[in-house]
Amino acid sequence: MSSLGFIGLGSMGGPMAKNLVSADHDLTAYDLDDDALEAISDAGATAATSTADAVEGAEVVFLSLPGPDNVAAVVDEIEADLEAGSILVDLTTSTPGTTEAIANRLADRDIDVLGAPVSGGSSGADAGTLSIIVGGDEAVFEACEPLFEVIGSDVFHVGDGVGHGHAVKLLNNYLSNIALLATSEAVILGDAAGLDRQTLVDVFSVSSGRNSANQDKIPNYVLTGEYDMGFKIGLMEKDMRLLSEFAGEQQVPMLLGHLTRDLAGYAKTKKGFDSDMTRVYDFLEEFMLE
């Protein structure tokens, strides 16, 4: 059993925290949402009254927050309360630079940092089948690996740099997002030509054009009319903005990356920040067929 702190109990953080509790870890959690705190308390965790309370005495502290600005703000709050010798694990989709700056700040207090963003959506968080993409010192990674194996089924150590995990996650999200946009265009065009949409995704999903959009997102959330994959268009656009910033820092042009960011931004404007990301299909259909 480990003593854990957990800050951020959203659609991803809440299920991950519950899985850690189910594995008999002593977990203290904090979130601004009282309902989320009540839910994790009912699952067997201790509900903290503040971020400082959540990290007091914790050997490992997990952050699962909306973005890098939130991570930086929370670290400002808890820096003085983190235990010397503890480990801070950032599960957020953040930027390599944010993680590196935090690691540099905390090194003087003998606090290790791992950048460990996750992929797999809220369903993967519920099932404990997330992909976890970890950057940081290998020995620190190995110390936390049993915890990662509770919340994910595919755990990768992608490099010794604490920002390496976040770099890989941004690249992964780029591929996922561009696949959704491209597959939506293909299905919309085929539909306009009189082809059956379900047949199209059936063919694509087992042929050379297969990807997560035609294997999951479009058949399960668009064609069903559910639009409830659990990830917001606004966060999709945020991830693409972070990728653009990362590419700029590396002085590497991303031609399709910038276009994907622009399209996600237009979709966010038309459909609203909180709309499910699968609503980009509707956005593209309206644009293409108007």
# chains A, B, ... in the order shown; residues from 1 in each chain; ligands from 1
>>> closest_atom_pairs(of="range 156-246 of chain A", to="range 78-96 of chain A", cutoff="6 Å", atoms="only C-alpha atoms", output="Markdown table")
| residue | atom | partner | partner_atom | distance |
| --- | --- | --- | --- | --- |
| A:Gly163 | CA | A:Pro96 | CA | 3.8 |
| A:His166 | CA | A:Pro96 | CA | 5.4 |
| A:Ala167 | CA | A:Pro96 | CA | 5.9 |
>>> select_by_dssp(residues="range 179-224 of chain A", states="helix (DSSP H, G or I)", output="ChimeraX atom specification")
/A:179-192,197-205,212-222
>>> closest_residue(among="A:Gly121, A:Pro146, A:Gly225, A:Gly128", to="His25 in chain A", atoms="only C-alpha atoms")
A:Pro146
>>> atom_distance(atom1="CA of Val280 in chain A", atom2="CA of Leu9 in chain A")
26.1 Å
>>> atom_distance(atom1="CA of Leu106 in chain A", atom2="CA of Asp53 in chain A")
18.6 Å
>>> residues_around(residues="Met12 in chain A", least_positions_apart="4", cutoff="8 Å", atoms="only C-alpha atoms", output="list in words")
Met16, Ser64, Gly121, Ser122, Ala125 and Asp126 of chain A
>>> closest_residue(among="A:Ala103, A:Ala23, A:Ala45, A:Ala264", to="Glu237 in chain A", atoms="only C-alpha atoms")
A:Ala264
>>> residues_around(residues="range 129-133 of chain A", least_positions_apart="5", cutoff="9 Å", atoms="only C-alpha atoms", output="PyMOL selection string")
chain A and resi 91+115-124+148-158+164-166+168-169
>>> select_by_dssp(residues="range 131-268 of chain A", states="strand (DSSP E)", output="PyMOL selection string")
chain A and resi 131-135+152-159
>>> write_last_selection(atoms="C-alpha atoms", output="compact mmCIF listing (two decimals), in the first residue's frame")
# COMPACT_ATOMS: atom_id res chain seq x y z
CA SER A 131 -2.13 3.94 -22.37
CA ILE A 132 0.30 5.76 -20.08
CA ILE A 133 3.17 7.60 -21.75
CA VAL A 134 5.89 8.34 -19.21
CA GLY A 135 8.93 10.59 -19.41
CA GLY A 152 -3.46 1.41 -17.50
CA SER A 153 -2.84 -1.71 -19.56
CA ASP A 154 -0.15 -0.24 -21.82
CA VAL A 155 2.62 1.57 -19.97
CA PHE A 156 5.50 3.12 -21.92
CA HIS A 157 8.70 4.72 -20.68
CA VAL A 158 9.51 6.92 -23.68
CA GLY A 159 12.61 8.74 -22.44
>>> closest_residue(among="A:Ile7, A:Val21, A:Met254, A:Ala29", to="Glu77 in chain A", atoms="only C-alpha atoms")
A:Ile7
>>> atom_distance(atom1="CA of Asp274 in chain A", atom2="CA of Lys232 in chain A")
5.2 Å
>>> residues_around(residues="range 193-209 of chain A", least_positions_apart="4", cutoff="12 Å", atoms="only C-alpha atoms", output="ChimeraX atom specification")
/A:179-180,182-189,213-220,222-224,289
>>> closest_residue(among="A:Ser11, A:Ser275, A:Asn19, A:Ser176", to="Asp228 in chain A", atoms="only C-alpha atoms")
A:Ser275
>>> closest_residue(among="A:Val61, A:Leu4, A:Met277, A:Ala47", to="Asp24 in chain A", atoms="only C-alpha atoms")
A:Leu4
>>> closest_residue(among="A:Leu242, A:Val60, A:Leu32, A:Leu175", to="Ser2 in chain A", atoms="only C-alpha atoms")
A:Val60
>>> residues_around(residues="Lys271 in chain A", least_positions_apart="4", cutoff="12 Å", atoms="only C-alpha atoms", output="list in words")
Lys232, Ile233, Gly234, Leu263, Ala264, Gly265, Tyr266, Ala267, Ser275, Asp276, Met277, Thr278, Arg279, Val280, Tyr281, Asp282, Phe283, Leu284 and Glu286 of chain A
>>> write_last_selection(atoms="N, CA, C and O atoms", output="PDB file, in the first residue's frame")
ATOM      1  N   LYS A 232     -14.194  16.975 -25.067  1.00  0.00           N
ATOM      2  CA  LYS A 232     -14.780  18.201 -25.602  1.00  0.00           C
ATOM      3  C   LYS A 232     -14.011  18.726 -26.816  1.00  0.00           C
ATOM      4  O   LYS A 232     -12.792  18.593 -26.901  1.00  0.00           O
ATOM      5  N   ILE A 233     -14.757  19.354 -27.719  1.00  0.00           N
ATOM      6  CA  ILE A 233     -14.114  20.006 -28.864  1.00  0.00           C
ATOM      7  C   ILE A 233     -13.114  21.050 -28.388  1.00  0.00           C
ATOM      8  O   ILE A 233     -12.030  21.209 -28.967  1.00  0.00           O
ATOM      9  N   GLY A 234     -13.456  21.773 -27.329  1.00  0.00           N
ATOM     10  CA  GLY A 234     -12.544  22.793 -26.818  1.00  0.00           C
ATOM     11  C   GLY A 234     -11.215  22.216 -26.384  1.00  0.00           C
ATOM     12  O   GLY A 234     -10.158  22.839 -26.570  1.00  0.00           O
ATOM     13  N   LEU A 263      -9.009  24.034 -37.985  1.00  0.00           N
ATOM     14  CA  LEU A 263     -10.310  23.391 -38.156  1.00  0.00           C
ATOM     15  C   LEU A 263     -10.942  23.078 -36.800  1.00  0.00           C
ATOM     16  O   LEU A 263     -12.157  23.256 -36.623  1.00  0.00           O
ATOM     17  N   ALA A 264     -10.134  22.630 -35.865  1.00  0.00           N
ATOM     18  CA  ALA A 264     -10.665  22.371 -34.525  1.00  0.00           C
ATOM     19  C   ALA A 264     -11.162  23.664 -33.890  1.00  0.00           C
ATOM     20  O   ALA A 264     -12.181  23.681 -33.191  1.00  0.00           O
ATOM     21  N   GLY A 265     -10.448  24.763 -34.148  1.00  0.00           N
ATOM     22  CA  GLY A 265     -10.865  26.056 -33.614  1.00  0.00           C
ATOM     23  C   GLY A 265     -12.175  26.523 -34.226  1.00  0.00           C
ATOM     24  O   GLY A 265     -13.057  27.039 -33.516  1.00  0.00           O
ATOM     25  N   TYR A 266     -12.332  26.347 -35.537  1.00  0.00           N
ATOM     26  CA  TYR A 266     -13.582  26.713 -36.188  1.00  0.00           C
ATOM     27  C   TYR A 266     -14.736  25.871 -35.642  1.00  0.00           C
ATOM     28  O   TYR A 266     -15.842  26.383 -35.394  1.00  0.00           O
ATOM     29  N   ALA A 267     -14.484  24.573 -35.459  1.00  0.00           N
ATOM     30  CA  ALA A 267     -15.524  23.691 -34.936  1.00  0.00           C
ATOM     31  C   ALA A 267     -15.922  24.101 -33.524  1.00  0.00           C
ATOM     32  O   ALA A 267     -17.111  24.083 -33.165  1.00  0.00           O
ATOM     33  N   SER A 275     -19.053  21.009 -26.493  1.00  0.00           N
ATOM     34  CA  SER A 275     -19.611  19.970 -27.364  1.00  0.00           C
ATOM     35  C   SER A 275     -18.635  18.806 -27.479  1.00  0.00           C
ATOM     36  O   SER A 275     -17.418  18.979 -27.440  1.00  0.00           O
ATOM     37  N   ASP A 276     -19.177  17.604 -27.631  1.00  0.00           N
ATOM     38  CA  ASP A 276     -18.328  16.434 -27.796  1.00  0.00           C
ATOM     39  C   ASP A 276     -17.494  16.575 -29.062  1.00  0.00           C
ATOM     40  O   ASP A 276     -17.963  17.110 -30.073  1.00  0.00           O
ATOM     41  N   MET A 277     -16.253  16.084 -29.006  1.00  0.00           N
ATOM     42  CA  MET A 277     -15.355  16.252 -30.149  1.00  0.00           C
ATOM     43  C   MET A 277     -15.891  15.590 -31.414  1.00  0.00           C
ATOM     44  O   MET A 277     -15.537  16.005 -32.529  1.00  0.00           O
ATOM     45  N   THR A 278     -16.756  14.580 -31.277  1.00  0.00           N
ATOM     46  CA  THR A 278     -17.308  13.939 -32.462  1.00  0.00           C
ATOM     47  C   THR A 278     -18.254  14.865 -33.228  1.00  0.00           C
ATOM     48  O   THR A 278     -18.619  14.576 -34.372  1.00  0.00           O
ATOM     49  N   ARG A 279     -18.618  15.992 -32.621  1.00  0.00           N
ATOM     50  CA  ARG A 279     -19.441  16.985 -33.320  1.00  0.00           C
ATOM     51  C   ARG A 279     -18.667  17.672 -34.450  1.00  0.00           C
ATOM     52  O   ARG A 279     -19.266  18.418 -35.239  1.00  0.00           O
ATOM     53  N   VAL A 280     -17.359  17.441 -34.545  1.00  0.00           N
ATOM     54  CA  VAL A 280     -16.637  17.993 -35.695  1.00  0.00           C
ATOM     55  C   VAL A 280     -17.177  17.397 -36.992  1.00  0.00           C
ATOM     56  O   VAL A 280     -17.081  18.018 -38.056  1.00  0.00           O
ATOM     57  N   TYR A 281     -17.755  16.203 -36.915  1.00  0.00           N
ATOM     58  CA  TYR A 281     -18.393  15.612 -38.098  1.00  0.00           C
ATOM     59  C   TYR A 281     -19.518  16.523 -38.585  1.00  0.00           C
ATOM     60  O   TYR A 281     -19.607  16.834 -39.786  1.00  0.00           O
ATOM     61  N   ASP A 282     -20.375  16.955 -37.664  1.00  0.00           N
ATOM     62  CA  ASP A 282     -21.479  17.841 -38.038  1.00  0.00           C
ATOM     63  C   ASP A 282     -20.956  19.160 -38.588  1.00  0.00           C
ATOM     64  O   ASP A 282     -21.493  19.701 -39.559  1.00  0.00           O
ATOM     65  N   PHE A 283     -19.914  19.690 -37.943  1.00  0.00           N
ATOM     66  CA  PHE A 283     -19.319  20.944 -38.412  1.00  0.00           C
ATOM     67  C   PHE A 283     -18.844  20.802 -39.852  1.00  0.00           C
ATOM     68  O   PHE A 283     -19.138  21.658 -40.703  1.00  0.00           O
ATOM     69  N   LEU A 284     -18.128  19.723 -40.149  1.00  0.00           N
ATOM     70  CA  LEU A 284     -17.615  19.527 -41.499  1.00  0.00           C
ATOM     71  C   LEU A 284     -18.748  19.280 -42.499  1.00  0.00           C
ATOM     72  O   LEU A 284     -18.717  19.777 -43.638  1.00  0.00           O
ATOM     73  N   GLU A 286     -21.813  20.425 -42.359  1.00  0.00           N
ATOM     74  CA  GLU A 286     -22.452  21.712 -42.647  1.00  0.00           C
ATOM     75  C   GLU A 286     -21.594  22.560 -43.569  1.00  0.00           C
ATOM     76  O   GLU A 286     -22.096  23.219 -44.487  1.00  0.00           O
TER      77      GLU A 286
END
>>> residues_around(residues="range 35-40 of chain A", least_positions_apart="6", cutoff="10 Å", atoms="only C-alpha atoms", output="MDAnalysis selection string")
chainID A and resid 8:11 13:15 17:18 21 27:29 46:49
>>> write_last_selection(atoms="N, CA, C and O atoms", output="PDB file, in the first residue's frame")
ATOM      1  N   GLY A   8      -7.550  16.581  -8.985  1.00  0.00           N
ATOM      2  CA  GLY A   8      -8.225  16.633 -10.278  1.00  0.00           C
ATOM      3  C   GLY A   8      -9.043  15.395 -10.525  1.00  0.00           C
ATOM      4  O   GLY A   8      -8.502  14.361 -10.917  1.00  0.00           O
ATOM      5  N   LEU A   9     -10.366  15.474 -10.318  1.00  0.00           N
ATOM      6  CA  LEU A   9     -11.233  14.301 -10.383  1.00  0.00           C
ATOM      7  C   LEU A   9     -12.278  14.432 -11.487  1.00  0.00           C
ATOM      8  O   LEU A   9     -13.446  14.117 -11.300  1.00  0.00           O
ATOM      9  N   GLY A  10     -11.831  14.865 -12.647  1.00  0.00           N
ATOM     10  CA  GLY A  10     -12.744  14.992 -13.781  1.00  0.00           C
ATOM     11  C   GLY A  10     -13.065  13.640 -14.392  1.00  0.00           C
ATOM     12  O   GLY A  10     -12.933  12.590 -13.759  1.00  0.00           O
ATOM     13  N   SER A  11     -13.466  13.655 -15.675  1.00  0.00           N
ATOM     14  CA  SER A  11     -13.898  12.420 -16.339  1.00  0.00           C
ATOM     15  C   SER A  11     -12.776  11.403 -16.449  1.00  0.00           C
ATOM     16  O   SER A  11     -13.031  10.195 -16.570  1.00  0.00           O
ATOM     17  N   GLY A  13      -9.632  11.794 -14.286  1.00  0.00           N
ATOM     18  CA  GLY A  13      -9.014  11.685 -12.972  1.00  0.00           C
ATOM     19  C   GLY A  13      -9.825  10.890 -11.978  1.00  0.00           C
ATOM     20  O   GLY A  13      -9.277  10.077 -11.213  1.00  0.00           O
ATOM     21  N   GLY A  14     -11.140  11.099 -11.987  1.00  0.00           N
ATOM     22  CA  GLY A  14     -11.997  10.399 -11.032  1.00  0.00           C
ATOM     23  C   GLY A  14     -11.900   8.885 -11.152  1.00  0.00           C
ATOM     24  O   GLY A  14     -11.647   8.185 -10.156  1.00  0.00           O
ATOM     25  N   PRO A  15     -12.070   8.331 -12.360  1.00  0.00           N
ATOM     26  CA  PRO A  15     -11.938   6.878 -12.501  1.00  0.00           C
ATOM     27  C   PRO A  15     -10.541   6.354 -12.165  1.00  0.00           C
ATOM     28  O   PRO A  15     -10.401   5.274 -11.581  1.00  0.00           O
ATOM     29  N   ALA A  17      -8.441   7.621 -10.001  1.00  0.00           N
ATOM     30  CA  ALA A  17      -8.322   7.645  -8.544  1.00  0.00           C
ATOM     31  C   ALA A  17      -9.083   6.472  -7.924  1.00  0.00           C
ATOM     32  O   ALA A  17      -8.598   5.814  -6.992  1.00  0.00           O
ATOM     33  N   LYS A  18     -10.275   6.181  -8.440  1.00  0.00           N
ATOM     34  CA  LYS A  18     -11.068   5.070  -7.915  1.00  0.00           C
ATOM     35  C   LYS A  18     -10.353   3.740  -8.111  1.00  0.00           C
ATOM     36  O   LYS A  18     -10.381   2.862  -7.227  1.00  0.00           O
ATOM     37  N   VAL A  21      -7.736   3.381  -5.484  1.00  0.00           N
ATOM     38  CA  VAL A  21      -8.354   3.023  -4.205  1.00  0.00           C
ATOM     39  C   VAL A  21      -8.745   1.547  -4.196  1.00  0.00           C
ATOM     40  O   VAL A  21      -8.534   0.833  -3.204  1.00  0.00           O
ATOM     41  N   LEU A  27      -5.426   6.775  -0.439  1.00  0.00           N
ATOM     42  CA  LEU A  27      -5.457   7.916  -1.350  1.00  0.00           C
ATOM     43  C   LEU A  27      -6.261   9.063  -0.762  1.00  0.00           C
ATOM     44  O   LEU A  27      -7.378   8.871  -0.273  1.00  0.00           O
ATOM     45  N   THR A  28      -5.676  10.246  -0.819  1.00  0.00           N
ATOM     46  CA  THR A  28      -6.355  11.480  -0.428  1.00  0.00           C
ATOM     47  C   THR A  28      -6.512  12.343  -1.672  1.00  0.00           C
ATOM     48  O   THR A  28      -5.531  12.586  -2.386  1.00  0.00           O
ATOM     49  N   ALA A  29      -7.738  12.772  -1.960  1.00  0.00           N
ATOM     50  CA  ALA A  29      -8.015  13.449  -3.227  1.00  0.00           C
ATOM     51  C   ALA A  29      -8.646  14.807  -3.006  1.00  0.00           C
ATOM     52  O   ALA A  29      -9.343  15.046  -2.015  1.00  0.00           O
ATOM     53  N   THR A  46      -9.956   9.418   1.001  1.00  0.00           N
ATOM     54  CA  THR A  46     -10.139  10.549   1.911  1.00  0.00           C
ATOM     55  C   THR A  46     -10.332  11.810   1.078  1.00  0.00           C
ATOM     56  O   THR A  46      -9.517  12.103   0.197  1.00  0.00           O
ATOM     57  N   ALA A  47     -11.406  12.541   1.311  1.00  0.00           N
ATOM     58  CA  ALA A  47     -11.661  13.791   0.601  1.00  0.00           C
ATOM     59  C   ALA A  47     -10.910  14.919   1.291  1.00  0.00           C
ATOM     60  O   ALA A  47     -11.127  15.194   2.472  1.00  0.00           O
ATOM     61  N   ALA A  48     -10.010  15.551   0.558  1.00  0.00           N
ATOM     62  CA  ALA A  48      -9.223  16.647   1.111  1.00  0.00           C
ATOM     63  C   ALA A  48     -10.008  17.946   1.068  1.00  0.00           C
ATOM     64  O   ALA A  48     -10.926  18.117   0.256  1.00  0.00           O
ATOM     65  N   THR A  49      -9.635  18.869   1.927  1.00  0.00           N
ATOM     66  CA  THR A  49     -10.292  20.177   1.954  1.00  0.00           C
ATOM     67  C   THR A  49      -9.530  21.229   1.162  1.00  0.00           C
ATOM     68  O   THR A  49     -10.013  22.339   0.973  1.00  0.00           O
TER      69      THR A  49
END
>>> decode(residues="range 131-149 of chain A", atoms="N, CA, C and O atoms", output="short mmCIF file (atom, residue, chain, number, x, y, z; two decimals), in the first residue's frame")
data_model
loop_
_atom_site.label_atom_id
_atom_site.label_comp_id
_atom_site.auth_asym_id
_atom_site.auth_seq_id
_atom_site.Cartn_x
_atom_site.Cartn_y
_atom_site.Cartn_z
N SER A 131 -3.55 3.90 -22.02
CA SER A 131 -2.13 3.94 -22.37
C SER A 131 -1.51 5.06 -21.54
O SER A 131 -2.05 6.17 -21.47
N ILE A 132 -0.37 4.77 -20.92
CA ILE A 132 0.30 5.76 -20.08
C ILE A 132 1.69 5.99 -20.67
O ILE A 132 2.47 5.05 -20.85
N ILE A 133 1.98 7.24 -20.98
CA ILE A 133 3.17 7.60 -21.75
C ILE A 133 4.09 8.41 -20.83
O ILE A 133 3.83 9.59 -20.57
N VAL A 134 5.13 7.78 -20.33
CA VAL A 134 5.89 8.34 -19.21
C VAL A 134 7.27 8.83 -19.66
O VAL A 134 8.02 8.11 -20.32
N GLY A 135 7.59 10.05 -19.25
CA GLY A 135 8.93 10.59 -19.41
C GLY A 135 9.51 10.91 -18.05
O GLY A 135 8.83 11.41 -17.16
N GLY A 136 10.80 10.60 -17.89
CA GLY A 136 11.48 10.89 -16.63
C GLY A 136 12.51 9.84 -16.29
O GLY A 136 12.70 8.87 -17.04
N ASP A 137 13.20 10.04 -15.20
CA ASP A 137 14.26 9.13 -14.78
C ASP A 137 13.73 7.69 -14.71
O ASP A 137 12.66 7.43 -14.14
N GLU A 138 14.50 6.75 -15.26
CA GLU A 138 14.02 5.37 -15.35
C GLU A 138 13.79 4.74 -13.98
O GLU A 138 12.83 4.00 -13.78
N ALA A 139 14.65 5.06 -13.03
CA ALA A 139 14.48 4.49 -11.69
C ALA A 139 13.20 5.01 -11.04
O ALA A 139 12.49 4.26 -10.35
N VAL A 140 12.88 6.27 -11.26
CA VAL A 140 11.65 6.84 -10.72
C VAL A 140 10.44 6.21 -11.41
O VAL A 140 9.43 5.89 -10.78
N PHE A 141 10.56 6.03 -12.72
CA PHE A 141 9.50 5.35 -13.47
C PHE A 141 9.27 3.95 -12.91
O PHE A 141 8.11 3.55 -12.69
N GLU A 142 10.32 3.22 -12.67
CA GLU A 142 10.17 1.84 -12.17
C GLU A 142 9.52 1.82 -10.78
O GLU A 142 8.75 0.91 -10.46
N ALA A 143 9.81 2.85 -9.99
CA ALA A 143 9.20 2.91 -8.66
C ALA A 143 7.69 3.12 -8.76
O ALA A 143 6.93 2.63 -7.91
N CYS A 144 7.26 3.84 -9.80
CA CYS A 144 5.83 4.13 -9.97
C CYS A 144 5.12 3.15 -10.89
O CYS A 144 3.88 3.19 -10.99
N GLU A 145 5.87 2.28 -11.54
CA GLU A 145 5.27 1.39 -12.53
C GLU A 145 4.12 0.55 -11.97
O GLU A 145 3.09 0.39 -12.64
N PRO A 146 4.22 0.02 -10.74
CA PRO A 146 3.07 -0.74 -10.22
C PRO A 146 1.80 0.11 -10.10
O PRO A 146 0.68 -0.41 -10.27
N LEU A 147 1.94 1.40 -9.83
CA LEU A 147 0.78 2.29 -9.79
C LEU A 147 0.21 2.51 -11.19
O LEU A 147 -1.01 2.51 -11.38
N PHE A 148 1.10 2.70 -12.15
CA PHE A 148 0.64 2.88 -13.53
C PHE A 148 -0.11 1.66 -14.02
O PHE A 148 -1.09 1.77 -14.77
N GLU A 149 0.34 0.48 -13.60
CA GLU A 149 -0.29 -0.75 -14.07
C GLU A 149 -1.68 -0.94 -13.48
O GLU A 149 -2.47 -1.74 -14.00
#
